[in-house]
$ cat input_2.txt   # compact mmCIF, C-alpha atoms
# COMPACT_ATOMS: atom_id res chain seq x y z
CA MET A 1 87.04 49.00 186.32
CA THR A 2 89.30 46.23 187.61
CA THR A 3 89.38 45.22 191.25
CA PRO A 4 92.87 45.05 192.78
CA GLU A 5 94.03 41.65 193.96
CA ILE A 6 93.41 41.03 197.66
CA SER A 7 96.79 39.30 197.96
CA LEU A 8 100.11 39.58 196.20
CA ARG A 9 101.12 36.46 194.33
CA PRO A 10 104.55 35.34 195.56
CA GLN A 11 106.94 34.45 192.75
CA LEU A 12 109.06 31.42 193.66
CA LEU A 13 112.72 32.10 192.93
CA SER A 14 114.40 29.06 194.49
CA GLY A 15 113.86 26.68 197.40
CA THR A 16 111.80 28.51 200.02
CA VAL A 17 112.60 32.01 198.74
CA TYR A 18 110.03 34.19 197.00
CA LEU A 19 109.64 37.68 195.55
CA LEU A 20 106.54 39.77 196.21
CA PRO A 21 106.66 42.81 193.89
CA ALA A 22 104.69 45.18 196.11
CA GLU A 23 103.66 48.71 195.21
CA GLY A 24 106.72 50.87 195.87
CA GLY A 25 109.36 48.18 196.20
CA ASN A 26 110.34 44.52 196.29
CA VAL A 27 109.50 42.36 199.29
CA GLY A 28 111.67 39.27 199.75
CA LEU A 29 110.31 36.23 201.56
CA CYS A 30 111.61 32.98 202.99
CA ALA A 31 108.56 30.87 203.85
CA GLY A 32 108.15 27.32 205.11
CA GLN A 33 107.40 25.03 208.04
CA ASP A 34 109.32 27.19 210.53
CA GLY A 35 107.50 30.37 209.53
CA ALA A 36 108.40 33.44 207.50
CA VAL A 37 111.20 35.96 207.14
CA TRP A 38 110.09 39.11 205.35
CA VAL A 39 112.59 41.49 203.78
CA ASP A 40 111.36 45.10 203.63
CA ILE A 41 107.81 46.43 203.45
CA PRO A 42 107.54 49.53 201.23
CA GLN A 43 104.08 50.82 202.14
CA ALA A 44 101.78 50.39 205.10
CA ALA A 45 98.91 49.95 202.64
CA GLU A 46 100.64 46.84 201.26
CA VAL A 47 100.90 44.99 204.58
CA ALA A 48 97.53 43.24 204.34
CA ARG A 49 98.14 42.19 200.72
CA VAL A 50 101.58 40.81 201.54
CA GLN A 51 100.24 38.97 204.58
CA ALA A 52 97.53 37.36 202.48
CA GLY A 53 100.12 36.24 199.96
CA VAL A 54 102.36 34.77 202.65
CA GLU A 55 99.72 33.02 204.75
CA SER A 56 99.44 29.78 202.79
CA LEU A 57 103.22 29.43 202.37
CA ALA A 58 104.34 29.84 205.98
CA PRO A 59 102.33 27.71 208.43
CA GLY A 60 105.07 27.84 211.09
CA PRO A 61 104.85 30.20 214.08
CA LEU A 62 108.15 32.08 213.69
CA LYS A 63 108.01 35.44 211.94
CA PHE A 64 110.68 38.10 211.42
CA LEU A 65 110.91 41.30 209.40
CA VAL A 66 114.32 42.40 208.11
CA ASN A 67 114.89 46.00 207.01
CA THR A 68 117.61 46.43 204.38
CA HIS A 69 118.03 50.08 205.46
CA ALA A 70 116.21 53.00 207.07
CA HIS A 71 114.51 54.81 204.17
CA GLY A 72 110.76 55.21 204.28
CA ASP A 73 110.01 53.13 201.19
CA HIS A 74 111.56 50.10 202.91
CA VAL A 75 110.28 50.51 206.49
CA ALA A 76 106.82 52.01 205.95
CA GLY A 77 105.09 48.87 207.25
CA ASN A 78 107.22 48.58 210.39
CA ALA A 79 104.67 50.29 212.62
CA LEU A 80 102.02 47.72 211.69
CA LEU A 81 104.24 44.64 211.67
CA GLY A 82 106.28 45.55 214.75
CA GLU A 83 103.38 44.44 216.95
CA GLN A 84 103.32 41.03 215.26
CA MET A 85 106.98 40.09 214.78
CA PRO A 86 110.50 41.16 215.78
CA ILE A 87 112.18 43.57 213.37
CA ILE A 88 115.85 42.93 212.55
CA ALA A 89 118.16 45.55 211.07
CA HIS A 90 121.54 47.23 211.26
CA THR A 91 121.96 49.33 214.39
CA ASN A 92 121.85 52.54 212.32
CA VAL A 93 118.31 51.74 211.17
CA ARG A 94 117.08 51.95 214.75
CA LYS A 95 119.03 55.18 215.22
CA ARG A 96 117.62 56.74 212.04
CA LEU A 97 114.00 55.78 212.75
CA MET A 98 114.12 57.51 216.14
CA ALA A 99 114.48 60.98 214.55
CA ASP A 100 113.38 62.90 211.47
CA GLN A 101 115.64 62.41 208.45
CA SER A 102 116.04 65.45 206.17
CA ILE A 103 117.16 64.95 202.56
CA THR A 104 117.84 67.88 200.22
CA VAL A 105 120.40 66.52 197.69
CA GLY A 106 119.14 64.46 194.75
CA ILE A 107 115.61 64.52 196.13
CA LYS A 108 113.91 66.75 198.66
CA THR A 109 111.99 65.09 201.46
CA VAL A 110 111.73 64.65 205.19
CA ILE A 111 111.32 61.14 206.56
CA PRO A 112 109.48 61.57 209.86
CA ALA A 113 110.55 59.77 213.01
CA GLN A 114 108.77 56.45 213.54
CA PRO A 115 106.90 55.36 216.68
CA PRO A 116 108.75 52.97 219.03
CA VAL A 117 106.82 49.95 217.76
CA ALA A 118 108.51 50.48 214.37
CA TRP A 119 112.05 50.44 215.75
CA PRO A 120 114.05 47.23 215.21
CA ARG A 121 114.31 45.15 218.38
CA ILE A 122 117.18 43.00 217.12
CA VAL A 123 120.15 44.99 215.78
CA PHE A 124 123.68 44.13 214.73
CA ASP A 125 126.83 45.91 213.57
CA GLN A 126 128.58 43.68 211.01
CA ALA A 127 126.72 40.43 210.36
CA LEU A 128 124.00 38.12 211.64
CA THR A 129 122.89 34.67 210.50
CA LEU A 130 119.42 33.09 210.79
CA HIS A 131 118.58 29.43 210.23
CA LEU A 132 114.94 28.86 209.25
CA ASN A 133 113.06 26.71 206.74
CA GLY A 134 116.24 24.80 205.90
CA GLU A 135 117.81 28.06 204.74
CA GLU A 136 120.95 29.85 205.91
CA ILE A 137 120.08 33.54 205.86
CA ARG A 138 123.12 35.80 206.08
CA LEU A 139 122.66 39.47 206.91
CA ILE A 140 125.80 41.47 206.05
CA HIS A 141 126.34 45.20 206.56
CA PHE A 142 127.78 47.28 203.69
CA PRO A 143 128.82 50.62 205.22
CA GLN A 144 128.69 54.17 203.87
CA GLY A 145 127.22 53.40 200.46
CA HIS A 146 123.61 54.05 199.48
CA SER A 147 123.13 54.90 203.17
CA ASP A 148 124.87 54.20 206.47
CA SER A 149 122.52 51.33 207.34
CA ASP A 150 122.56 49.04 204.28
CA VAL A 151 122.51 45.27 204.67
CA ILE A 152 122.15 42.50 202.15
CA VAL A 153 120.00 39.48 202.97
CA TRP A 154 121.64 36.44 201.41
CA PHE A 155 119.64 33.22 201.23
CA SER A 156 122.74 31.18 200.59
CA THR A 157 121.12 27.75 200.16
CA ALA A 158 118.69 29.09 197.55
CA ASN A 159 121.42 31.31 196.01
CA VAL A 160 119.19 34.38 196.16
CA VAL A 161 120.17 37.74 197.68
CA HIS A 162 118.06 40.81 198.46
CA VAL A 163 120.38 43.81 198.25
CA GLY A 164 117.96 46.65 198.98
CA ASP A 165 118.97 49.94 197.38
CA ILE A 166 122.63 49.10 196.93
CA PHE A 167 121.65 48.04 193.39
CA TRP A 168 119.30 49.86 191.00
CA PRO A 169 119.28 47.79 187.77
CA GLY A 170 119.44 50.04 184.72
CA MET A 171 118.90 53.17 186.84
CA PHE A 172 120.90 55.92 188.48
CA PRO A 173 120.72 55.28 192.24
CA PHE A 174 119.71 57.57 195.03
CA VAL A 175 122.59 57.96 197.49
CA ASP A 176 121.84 59.51 200.88
CA VAL A 177 124.96 61.66 200.90
CA GLU A 178 123.71 63.86 203.76
CA ASN A 179 123.08 61.00 206.17
CA GLY A 180 126.13 58.75 205.99
CA GLY A 181 125.95 57.62 202.37
CA SER A 182 128.71 58.06 199.77
CA VAL A 183 128.92 57.58 196.01
CA GLU A 184 132.50 56.32 196.35
CA GLY A 185 131.42 53.97 199.12
CA LEU A 186 128.57 52.68 196.96
CA LYS A 187 131.02 51.93 194.13
CA GLN A 188 133.24 50.02 196.54
CA ASN A 189 130.30 48.11 198.01
CA VAL A 190 129.09 47.02 194.58
CA ALA A 191 132.62 45.82 193.75
CA LYS A 192 132.60 43.78 196.99
CA LEU A 193 129.23 42.29 196.06
CA ILE A 194 130.55 41.23 192.66
CA GLU A 195 133.44 39.44 194.37
CA LEU A 196 131.22 37.88 197.02
CA LEU A 197 128.28 36.48 195.07
CA PRO A 198 128.28 33.26 193.05
CA ALA A 199 128.03 33.63 189.28
CA THR A 200 124.52 32.10 189.26
CA ALA A 201 123.03 34.18 192.10
CA GLN A 202 119.60 35.74 191.63
CA ILE A 203 119.67 39.34 192.86
CA ILE A 204 116.57 41.08 194.20
CA PRO A 205 117.02 44.87 194.09
CA GLY A 206 114.99 47.25 196.21
CA HIS A 207 113.26 48.45 193.04
CA GLY A 208 112.97 46.94 189.59
CA PRO A 209 113.18 43.41 188.19
CA VAL A 210 115.19 40.52 189.61
CA SER A 211 118.68 40.65 188.12
CA ASP A 212 121.95 38.75 188.11
CA LEU A 213 125.70 39.24 188.25
CA THR A 214 125.79 40.48 184.65
CA GLY A 215 123.34 43.24 185.53
CA LEU A 216 125.29 44.09 188.68
CA LYS A 217 128.52 44.40 186.69
CA ALA A 218 126.83 46.72 184.16
CA TYR A 219 125.61 48.86 187.06
CA HIS A 220 129.12 48.97 188.55
CA ARG A 221 130.54 50.07 185.19
CA MET A 222 127.97 52.87 185.04
CA LEU A 223 128.89 54.04 188.55
CA GLY A 224 132.59 54.12 187.72
CA GLU A 225 132.41 55.71 184.29
CA THR A 226 129.79 58.36 185.08
CA THR A 227 131.43 59.49 188.32
CA ASP A 228 134.84 59.67 186.65
CA TRP A 229 133.39 61.70 183.77
CA ILE A 230 131.41 64.08 186.00
CA CYS A 231 134.39 64.76 188.27
CA LYS A 232 136.70 65.27 185.29
CA GLN A 233 134.32 67.85 183.83
CA ARG A 234 134.13 69.70 187.12
CA ARG A 235 137.90 69.76 187.48
CA ALA A 236 137.96 71.37 184.01
CA ASN A 237 135.82 74.18 185.49
CA LYS A 238 132.65 73.20 183.65
CA SER A 239 129.48 74.56 185.23
CA VAL A 240 126.99 72.18 186.80
CA GLU A 241 124.46 73.01 184.09
CA ASN A 242 127.01 72.37 181.33
CA ILE A 243 127.82 69.00 182.86
CA ARG A 244 124.14 68.07 183.04
CA GLN A 245 123.63 68.99 179.39
CA ALA A 246 126.69 67.08 178.17
CA VAL A 247 126.28 63.69 179.90
CA PRO A 248 127.29 61.01 177.34
CA GLU A 249 124.35 59.57 175.45
CA GLU A 250 125.16 56.03 176.63
CA TRP A 251 124.02 56.91 180.15
CA LEU A 252 120.98 59.09 179.46
CA THR A 253 118.59 56.12 179.60
CA TRP A 254 119.66 55.47 183.20
CA GLY A 255 117.82 58.61 184.33
CA HIS A 256 114.32 57.98 185.64
CA GLU A 257 111.45 59.70 187.43
CA PHE A 258 112.99 59.34 190.87
CA ILE A 259 116.66 60.10 190.06
CA SER A 260 117.05 62.01 186.81
CA THR A 261 120.34 62.57 185.03
CA ALA A 262 120.47 66.07 186.57
CA ALA A 263 119.90 64.65 190.06
CA TRP A 264 122.67 62.08 189.57
CA VAL A 265 125.12 64.84 188.60
CA GLU A 266 124.10 66.75 191.74
CA LEU A 267 124.60 63.70 193.97
CA VAL A 268 128.03 62.90 192.53
CA LEU A 269 129.34 66.46 192.84
CA TYR A 270 128.07 66.82 196.41
CA SER A 271 129.47 63.46 197.46
CA TYR A 272 132.93 64.25 196.06
CA GLY A 273 132.90 67.77 197.51
CA MET A 274 132.96 69.44 194.11

$ encode --input "input_2.txt" --output "structure tokens"
Amino acid sequence: MTTPEISLRPQLLSGTVYLLPAEGGNVGLCAGQDGAVWVDIPQAAEVARVQAGVESLAPGPLKFLVNTHAHGDHVAGNALLGEQMPIIAHTNVRKRLMADQSITVGIKTVIPAQPPVAWPRIVFDQALTLHLNGEEIRLIHFPQGHSDSDVIVWFSTANVVHVGDIFWPGMFPFVDVENGGSVEGLKQNVAKLIELLPATAQIIPGHGPVSDLTGLKAYHRMLGETTDWICKQRRANKSVENIRQAVPEEWLTWGHEFISTAAWVELVLYSYGM
């Protein structure tokens, strides 16, 4: 039997920016003489391992946690870390964490309300910039896409960006269509990202491997072509089950354990009111 590592090994991406591939999601990190900026923490059980991985890289006293959005697999460590460092997020993250979130389309779950210590203390509406460790860290809100609280965290000096669940490389995304998210909005947000980011940017998704602009463009093509096809089939009075069974073979590999092909069809039809 193997013993799990006590700490996560940070993977240097560029400059002072690292990836920590934690259980359940990707943690971004900017670490240096000023301190550390964490991006997301997917599970409370991972907090100690992430802290151990960060300790040697960030001797400075300043510490911040940024949430890319309000879903449980990105804020699960807030309650532990909120006592140690300020949490920064879009204003809707604070709003969402104050109450239970019910999800029945695509997946079925209830995200319970979080205790006050887990609520972000620093919130913003459109954008916020931090300057630490020689890095310009730009937080930019992308509205009504994967959720109503999405932000990207762009380490512009290092040319690395953590985009949370706006981007699922090679996978159908979950879209929180019952709580302010929109498939059409997600398509538009990904198009904006493609225009915004430099050609050589490294892109950290919320889940999956680090990607690039080529991967983001392939994802955008999938969003456009599958939603157009699904809506066209529905307008032709095809049943939901018939649509699920007839999805073009090119896109079948994008289904996965979390969001299957059938779940993606359900999300698209609900989001477009069909």

$ closest_residue --input "input_2.txt" --among "A:Leu8, A:Leu20, A:Ala118, A:Ala99" --to "Ala52 in chain A" --atoms "all atoms listed in the file"
A:Leu8

$ closest_residue --input "input_2.txt" --among "A:Ile41, A:Val265, A:Val153, A:Met274" --to "Gln245 in chain A" --atoms "only C-alpha atoms"
A:Val265

$ residues_around --input "input_2.txt" --residues "range 13-17 of chain A" --least-positions-apart "6" --cutoff "12 Å" --atoms "all atoms listed in the file" --output "MDAnalysis selection string"
chainID A and resid 27:39 54 57:58 132:137 153:162 200:204 210:211

$ residues_around --input "input_2.txt" --residues "Trp264 in chain A" --least-positions-apart "6" --cutoff "12 Å" --atoms "only C-alpha atoms" --output "ChimeraX atom specification"
/A:105-107,171-177,183,222-223,226-227,230,240,243-244,247,251-252,254-258,270-271

$ atom_distance --input "input_2.txt" --atom1 "CA of Arg221 in chain A" --atom2 "CA of Ala127 in chain A"
27.2 Å

$ residues_around --input "input_2.txt" --residues "Asn78 in chain A" --least-positions-apart "6" --cutoff "10 Å" --atoms "only C-alpha atoms" --output "list of chain:residue names"
A:Asp40, A:Ile41, A:Pro42, A:Gln43, A:Ala44, A:Val47, A:Leu65, A:Val66, A:Asn67, A:Gly72, A:Gln84, A:Met85, A:Pro86, A:Ile87, A:Gln114, A:Pro115, A:Pro116, A:Val117, A:Ala118, A:Trp119, A:Pro120

$ closest_residue --input "input_2.txt" --among "A:Glu225, A:Glu55, A:Asp125, A:Glu46" --to "Leu80 in chain A" --atoms "all atoms listed in the file"
A:Glu46

$ closest_residue --input "input_2.txt" --among "A:Val75, A:Val190, A:Leu62, A:Leu196" --to "Leu130 in chain A" --atoms "all atoms listed in the file"
A:Leu62

$ atom_distance --input "input_2.txt" --atom1 "CA of Gly77 in chain A" --atom2 "CA of Ile259 in chain A"
23.6 Å

$ residues_around --input "input_2.txt" --residues "Leu186 in chain A" --least-positions-apart "6" --cutoff "9 Å" --atoms "all atoms listed in the file" --output "number ranges by chain"
A: 142-147, 166, 175, 223

$ closest_residue --input "input_2.txt" --among "A:Val93, A:Ala199, A:Ala48, A:Ala191" --to "His220 in chain A" --atoms "only C-alpha atoms"
A:Ala191

$ residues_near_point --input "input_2.txt" --point "(108.2, 48.2, 195.0)" --cutoff "7 Å" --atoms "only C-alpha atoms" --output "list in words"
Pro21, Ala22, Glu23, Gly24, Gly25, Asn26, Pro42, Gly206 and His207 of chain A

$ atom_distance --input "input_2.txt" --atom1 "CA of Asn189 in chain A" --atom2 "CA of Phe167 in chain A"
9.8 Å

$ closest_residue --input "input_2.txt" --among "A:Gly170, A:Ser56, A:Asn92, A:Pro205" --to "Leu19 in chain A" --atoms "only C-alpha atoms"
A:Pro205

$ build_atoms --input "input_2.txt" --residues "range 145-171 of chain A" --atoms "N, CA and C atoms" --output "short mmCIF file (atom, residue, chain, number, x, y, z; two decimals), in the frame of the given file"
data_model
loop_
_atom_site.label_atom_id
_atom_site.label_comp_id
_atom_site.auth_asym_id
_atom_site.auth_seq_id
_atom_site.Cartn_x
_atom_site.Cartn_y
_atom_site.Cartn_z
N GLY A 145 127.46 53.51 201.89
CA GLY A 145 127.22 53.40 200.46
C GLY A 145 125.95 54.14 200.09
N HIS A 146 124.91 53.41 199.73
CA HIS A 146 123.61 54.05 199.48
C HIS A 146 123.16 54.82 200.71
N SER A 147 123.42 54.25 201.89
CA SER A 147 123.13 54.90 203.17
C SER A 147 124.17 54.41 204.17
N ASP A 148 123.95 54.72 205.45
CA ASP A 148 124.87 54.20 206.47
C ASP A 148 124.30 52.98 207.18
N SER A 149 123.19 52.43 206.64
CA SER A 149 122.52 51.33 207.34
C SER A 149 122.25 50.13 206.44
N ASP A 150 122.87 50.08 205.25
CA ASP A 150 122.56 49.04 204.28
C ASP A 150 123.00 47.65 204.72
N VAL A 151 122.12 46.68 204.52
CA VAL A 151 122.51 45.27 204.67
C VAL A 151 121.99 44.51 203.45
N ILE A 152 122.70 43.45 203.11
CA ILE A 152 122.15 42.50 202.15
C ILE A 152 121.59 41.33 202.94
N VAL A 153 120.60 40.66 202.36
CA VAL A 153 120.00 39.48 202.97
C VAL A 153 120.22 38.33 201.99
N TRP A 154 121.17 37.47 202.33
CA TRP A 154 121.64 36.44 201.41
C TRP A 154 121.08 35.09 201.84
N PHE A 155 120.17 34.56 201.03
CA PHE A 155 119.64 33.22 201.23
C PHE A 155 120.60 32.27 200.54
N SER A 156 121.61 31.82 201.26
CA SER A 156 122.74 31.18 200.59
C SER A 156 122.41 29.80 200.05
N THR A 157 121.50 29.06 200.69
CA THR A 157 121.12 27.75 200.16
C THR A 157 120.38 27.90 198.84
N ALA A 158 119.47 28.85 198.77
CA ALA A 158 118.69 29.09 197.55
C ALA A 158 119.48 29.88 196.50
N ASN A 159 120.59 30.49 196.91
CA ASN A 159 121.42 31.31 196.01
C ASN A 159 120.64 32.53 195.50
N VAL A 160 119.94 33.16 196.44
CA VAL A 160 119.19 34.38 196.16
C VAL A 160 119.61 35.43 197.18
N VAL A 161 119.77 36.68 196.75
CA VAL A 161 120.17 37.74 197.68
C VAL A 161 119.32 38.98 197.43
N HIS A 162 118.77 39.52 198.51
CA HIS A 162 118.06 40.81 198.46
C HIS A 162 119.06 41.87 198.88
N VAL A 163 119.33 42.83 197.99
CA VAL A 163 120.38 43.81 198.25
C VAL A 163 119.83 45.21 198.54
N GLY A 164 118.51 45.34 198.70
CA GLY A 164 117.96 46.65 198.98
C GLY A 164 118.33 47.66 197.91
N ASP A 165 118.68 48.87 198.34
CA ASP A 165 118.97 49.94 197.38
C ASP A 165 120.45 50.10 197.08
N ILE A 166 121.25 49.09 197.39
CA ILE A 166 122.63 49.10 196.93
C ILE A 166 122.67 49.00 195.40
N PHE A 167 121.68 48.33 194.83
CA PHE A 167 121.65 48.04 193.39
C PHE A 167 120.34 48.53 192.79
N TRP A 168 120.45 49.38 191.77
CA TRP A 168 119.30 49.86 191.00
C TRP A 168 119.52 49.42 189.55
N PRO A 169 118.98 48.30 189.11
CA PRO A 169 119.28 47.79 187.77
C PRO A 169 118.80 48.73 186.67
N GLY A 170 119.76 49.17 185.84
CA GLY A 170 119.44 50.04 184.72
C GLY A 170 119.07 51.45 185.09
N MET A 171 119.33 51.86 186.36
CA MET A 171 118.90 53.17 186.84
C MET A 171 120.02 53.85 187.63
#
